[in-house]
$ cat query-v8.pdb   # PDB, C-alpha atoms
ATOM      1  CA  MET A   1     -26.097  12.394  -0.003
ATOM      2  CA  ARG A   2     -23.538  12.740  -2.801
ATOM      3  CA  TRP A   3     -20.931  13.822  -0.271
ATOM      4  CA  VAL A   4     -21.376  10.598   1.673
ATOM      5  CA  PHE A   5     -20.700   8.506  -1.429
ATOM      6  CA  ALA A   6     -17.723  10.710  -2.349
ATOM      7  CA  ILE A   7     -16.198  10.340   1.129
ATOM      8  CA  ILE A   8     -16.706   6.561   1.123
ATOM      9  CA  ALA A   9     -15.129   6.284  -2.338
ATOM     10  CA  LEU A  10     -12.183   8.435  -1.248
ATOM     11  CA  LEU A  11     -11.619   6.309   1.852
ATOM     12  CA  PHE A  12     -11.738   3.130  -0.238
ATOM     13  CA  VAL A  13      -9.224   4.425  -2.783
ATOM     14  CA  SER A  14      -6.857   5.803  -0.151
ATOM     15  CA  ALA A  15      -6.935   2.515   1.770
ATOM     16  CA  CYS A  16      -5.491   0.724  -1.261
ATOM     17  CA  SER A  17      -2.570   3.097  -1.738
ATOM     18  CA  GLY A  18       0.643   2.317   0.055
ATOM     19  CA  SER A  19       3.610   4.282   1.302
ATOM     20  CA  GLY A  20       5.763   3.324  -1.694
ATOM     21  CA  SER A  21       6.236   5.076  -4.999
ATOM     22  CA  SER A  22       4.746   3.983  -8.308
ATOM     23  CA  ASN A  23       6.238   6.916 -10.220
ATOM     24  CA  TYR A  24       8.712   5.465 -12.752
ATOM     25  CA  SER A  25      10.863   8.608 -12.904
ATOM     26  CA  ALA A  26      11.147   8.907  -9.120
ATOM     27  CA  VAL A  27      12.107   5.249  -8.676
ATOM     28  CA  MET A  28      14.661   5.286 -11.510
ATOM     29  CA  SER A  29      16.152   8.505 -10.163
ATOM     30  CA  ALA A  30      16.507   6.902  -6.726
ATOM     31  CA  VAL A  31      18.162   3.828  -8.260
ATOM     32  CA  ASP A  32      20.568   5.831 -10.432
ATOM     33  CA  ASN A  33      21.490   8.410  -7.775
ATOM     34  CA  SER A  34      21.865   6.042  -4.847
ATOM     35  CA  GLY A  35      25.428   5.807  -3.638
ATOM     36  CA  GLY A  36      24.941   2.229  -2.481
ATOM     37  CA  GLY A  37      23.677   0.350   0.521
ATOM     38  CA  LYS A  38      20.029   0.713  -0.482
ATOM     39  CA  VAL A  39      17.422  -2.029  -0.764
ATOM     40  CA  PHE A  40      14.688  -1.614  -3.388
ATOM     41  CA  VAL A  41      11.546  -3.772  -3.232
ATOM     42  CA  LEU A  42       9.032  -3.770  -6.096
ATOM     43  CA  ARG A  43       5.638  -5.393  -5.720
ATOM     44  CA  ASP A  44       4.610  -7.102  -8.941
ATOM     45  CA  THR A  45       1.636  -9.223  -7.887
ATOM     46  CA  GLY A  46      -0.745  -8.341 -10.705
ATOM     47  CA  PHE A  47      -4.468  -8.422 -10.077
ATOM     48  CA  SER A  48      -4.209 -11.097  -7.364
ATOM     49  CA  GLY A  49      -4.223  -9.466  -3.960
ATOM     50  CA  SER A  50      -4.323  -5.977  -5.442
ATOM     51  CA  GLY A  51      -6.796  -4.731  -2.830
ATOM     52  CA  ALA A  52      -4.416  -5.371   0.072
ATOM     53  CA  LEU A  53      -1.178  -3.707   1.057
ATOM     54  CA  MET A  54       2.017  -5.685   1.448
ATOM     55  CA  ASN A  55       4.189  -5.075   4.520
ATOM     56  CA  VAL A  56       7.947  -4.934   3.941
ATOM     57  CA  THR A  57      10.387  -5.326   6.846
ATOM     58  CA  LEU A  58      14.169  -5.060   6.737
ATOM     59  CA  ASN A  59      16.116  -6.411   9.711
ATOM     60  CA  GLY A  60      12.939  -6.366  11.814
ATOM     61  CA  SER A  61      11.967  -2.756  11.035
ATOM     62  CA  GLY A  62       9.163  -1.806   8.688
ATOM     63  CA  ILE A  63      10.300   0.081   5.589
ATOM     64  CA  GLY A  64       6.946   0.392   3.877
ATOM     65  CA  ARG A  65       3.498  -0.829   2.981
ATOM     66  CA  ILE A  66       3.219  -1.129  -0.769
ATOM     67  CA  GLY A  67       0.400  -1.629  -3.235
ATOM     68  CA  ASN A  68       0.732  -3.385  -6.573
ATOM     69  CA  GLY A  69       3.278  -1.666  -8.813
ATOM     70  CA  GLU A  70       4.790   0.331  -5.941
ATOM     71  CA  THR A  71       8.387   0.333  -4.757
ATOM     72  CA  THR A  72       9.791   0.989  -1.311
ATOM     73  CA  VAL A  73      13.391   1.693  -0.340
ATOM     74  CA  GLY A  74      15.358   0.867   2.805
ATOM     75  CA  THR A  75      18.969   1.008   3.935
ATOM     76  CA  ALA A  76      20.899  -2.229   4.374
ATOM     77  CA  SER A  77      23.491  -2.896   7.031
ATOM     78  CA  ASN A  78      26.951  -4.229   6.255
ATOM     79  CA  GLY A  79      26.863  -8.015   6.437
ATOM     80  CA  THR A  80      23.854 -10.301   6.561
ATOM     81  CA  ASN A  81      20.457  -8.628   6.257
ATOM     82  CA  TYR A  82      16.971 -10.101   6.531
ATOM     83  CA  ILE A  83      14.036  -8.914   4.466
ATOM     84  CA  GLU A  84      10.444 -10.133   4.561
ATOM     85  CA  VAL A  85       7.254  -9.324   2.694
ATOM     86  CA  SER A  86       3.787 -10.299   3.873
ATOM     87  CA  PHE A  87       0.154  -9.352   3.560
ATOM     88  CA  GLY A  88      -1.537  -7.974   6.647
ATOM     89  CA  GLY A  89      -5.073  -8.292   7.948
ATOM     90  CA  PHE A  90      -7.691 -10.496   6.307
ATOM     91  CA  ALA A  91      -5.763 -10.521   3.031
ATOM     92  CA  GLY A  92      -2.873 -12.289   4.733
ATOM     93  CA  MET A  93      -4.944 -15.187   6.016
ATOM     94  CA  GLY A  94      -3.690 -18.366   4.405
ATOM     95  CA  ILE A  95      -0.886 -16.643   2.488
ATOM     96  CA  ASN A  96       2.684 -17.272   3.538
ATOM     97  CA  SER A  97       5.195 -14.543   4.231
ATOM     98  CA  ALA A  98       8.288 -14.508   2.026
ATOM     99  CA  PRO A  99      11.589 -14.018   3.884
ATOM    100  CA  ALA A 100      15.062 -13.759   2.369
ATOM    101  CA  SER A 101      18.574 -13.036   3.560
ATOM    102  CA  PHE A 102      21.264 -11.245   1.612
ATOM    103  CA  GLN A 103      24.697  -9.701   2.053
ATOM    104  CA  GLY A 104      24.539  -5.922   2.229
ATOM    105  CA  SER A 105      27.357  -3.431   1.806
ATOM    106  CA  ASN A 106      27.720   0.319   1.551
ATOM    107  CA  ASP A 107      28.967   0.181  -2.040
ATOM    108  CA  LYS A 108      26.178  -1.845  -3.715
ATOM    109  CA  ASN A 109      22.406  -1.810  -3.840
ATOM    110  CA  SER A 110      20.123  -4.841  -3.566
ATOM    111  CA  TYR A 111      16.973  -5.305  -5.640
ATOM    112  CA  PHE A 112      13.966  -7.506  -4.894
ATOM    113  CA  ILE A 113      10.672  -8.264  -6.629
ATOM    114  CA  ALA A 114       7.702  -9.653  -4.693
ATOM    115  CA  LYS A 115       5.331 -11.856  -6.692
ATOM    116  CA  LEU A 116       2.106 -13.663  -5.827
ATOM    117  CA  THR A 117       1.339 -16.939  -7.581
ATOM    118  CA  ALA A 118      -2.381 -17.682  -7.529
ATOM    119  CA  GLY A 119      -3.313 -21.329  -7.254
ATOM    120  CA  ALA A 120      -6.534 -23.295  -7.100
ATOM    121  CA  LEU A 121      -6.238 -24.069  -3.398
ATOM    122  CA  GLN A 122      -3.391 -21.872  -2.210
ATOM    123  CA  ASN A 123      -1.772 -18.568  -3.102
ATOM    124  CA  ARG A 124       1.998 -18.376  -2.744
ATOM    125  CA  LEU A 125       3.975 -15.224  -2.031
ATOM    126  CA  GLN A 126       7.574 -15.197  -3.316
ATOM    127  CA  LEU A 127      10.463 -12.748  -3.001
ATOM    128  CA  PHE A 128      13.212 -12.788  -5.630
ATOM    129  CA  GLU A 129      16.575 -11.018  -5.497
ATOM    130  CA  VAL A 130      17.278  -9.678  -8.985
ATOM    131  CA  SER A 131      19.911  -7.643 -10.793
ATOM    132  CA  GLU A 132      19.590  -3.893 -11.308
ATOM    133  CA  ALA A 133      18.808  -4.445 -14.997
ATOM    134  CA  ALA A 134      16.041  -6.949 -14.208
ATOM    135  CA  PHE A 135      14.619  -4.580 -11.585
ATOM    136  CA  LYS A 136      14.539  -1.674 -14.035
ATOM    137  CA  GLY A 137      13.014  -3.903 -16.694
ATOM    138  CA  SER A 138      10.112  -4.850 -14.412
ATOM    139  CA  PHE A 139       8.473  -1.441 -14.684
TER     140      PHE A 139
END

$ encode --input "query-v8.pdb" --output "structure tokens"
Amino acid sequence: MRWVFAIIALLFVSACSGSGSSNYSAVMSAVDNSGGGKVFVLRDTGFSGSGALMNVTLNGSGIGRIGNGETTVGTASNGTNYIEVSFGGFAGMGINSAPASFQGSNDKNSYFIAKLTAGALQNRLQLFEVSEAAFKGSF
């Protein structure tokens, strides 16, 4: 009987973990050692929506599903790029997706932070493009 509870607990915990990294050292190493052309997306939604994963797409292709405090990385194209974050499944019902466009190039990285503002009648998902210093300071 204990094994059943252990398996259920393990499935619950693993369902909340995303494909991104929440390891500070690994993320900072990726930021500092990236030659350019990378897109970093940090999810900073706090307790609101923490049980659901956030889908991140870059130019129509998925680059990760991230939990709160996790970061995912993609590669931008030269020119105009489109990025979007959204919640999937039941967690996404009634919550907007947050799209953004930005100019990508091979010699600079782009940094984004996804936030969820909880309201009385509506939650609002937002995606902000930030500087490298602001991105690093968000950890």

$ atom_distance --input "query-v8.pdb" --atom1 "CA of Asp32 (chain A)" --atom2 "CA of Ile113 (chain A)"
17.6 Å

$ atom_distance --input "query-v8.pdb" --atom1 "CA of Asn33 (chain A)" --atom2 "CA of Leu116 (chain A)"
29.4 Å

$ resolve_selection --input "query-v8.pdb" --expression "the PyMOL selection byres ((chain A and resi 63) around 10)" --output "list in words"
Ser19, Gly20, Val39, Val41, Asn55, Val56, Thr57, Leu58, Asn59, Gly60, Ser61, Gly62, Gly64, Arg65, Ile66, Thr72, Val73, Gly74, Thr75 and Ile83 of chain A

$ axis_aligned_box --input "query-v8.pdb" --around "region 99-103 of chain A" --padding-each-side "6 Å" --output "lines of an AutoDock Vina configuration file"
center_x = 18.1
center_y = -11.9
center_z = 2.7
size_x = 25.1
size_y = 16.3
size_z = 14.3

$ resolve_selection --input "query-v8.pdb" --expression "the PyMOL selection byres ((chain A and resi 80) around 6)" --output "VMD selection string"
chain A and resid 79 81 102 to 103

$ residues_around --input "query-v8.pdb" --residues "Asn106 (chain A)" --least-positions-apart "3" --cutoff "10 Å" --atoms "all atoms listed in the file" --output "ChimeraX atom specification"
/A:35-38,75-79,109

$ residues_around --input "query-v8.pdb" --residues "Lys115 (chain A)" --least-positions-apart "5" --cutoff "10 Å" --atoms "all atoms listed in the file" --output "PDB file with C-alpha atoms, in the frame of the given file"
ATOM      1  CA  LEU A  42       9.032  -3.770  -6.096  1.00  0.00           C
ATOM      2  CA  ARG A  43       5.638  -5.393  -5.720  1.00  0.00           C
ATOM      3  CA  ASP A  44       4.610  -7.102  -8.941  1.00  0.00           C
ATOM      4  CA  THR A  45       1.636  -9.223  -7.887  1.00  0.00           C
ATOM      5  CA  GLY A  46      -0.745  -8.341 -10.705  1.00  0.00           C
ATOM      6  CA  SER A  48      -4.209 -11.097  -7.364  1.00  0.00           C
ATOM      7  CA  ASN A  68       0.732  -3.385  -6.573  1.00  0.00           C
ATOM      8  CA  VAL A  85       7.254  -9.324   2.694  1.00  0.00           C
ATOM      9  CA  ALA A  98       8.288 -14.508   2.026  1.00  0.00           C
ATOM     10  CA  ARG A 124       1.998 -18.376  -2.744  1.00  0.00           C
ATOM     11  CA  LEU A 125       3.975 -15.224  -2.031  1.00  0.00           C
ATOM     12  CA  GLN A 126       7.574 -15.197  -3.316  1.00  0.00           C
ATOM     13  CA  LEU A 127      10.463 -12.748  -3.001  1.00  0.00           C
ATOM     14  CA  PHE A 128      13.212 -12.788  -5.630  1.00  0.00           C
TER      15      PHE A 128
END

$ atom_distance --input "query-v8.pdb" --atom1 "CA of Ala133 (chain A)" --atom2 "CA of Ser86 (chain A)"
24.8 Å
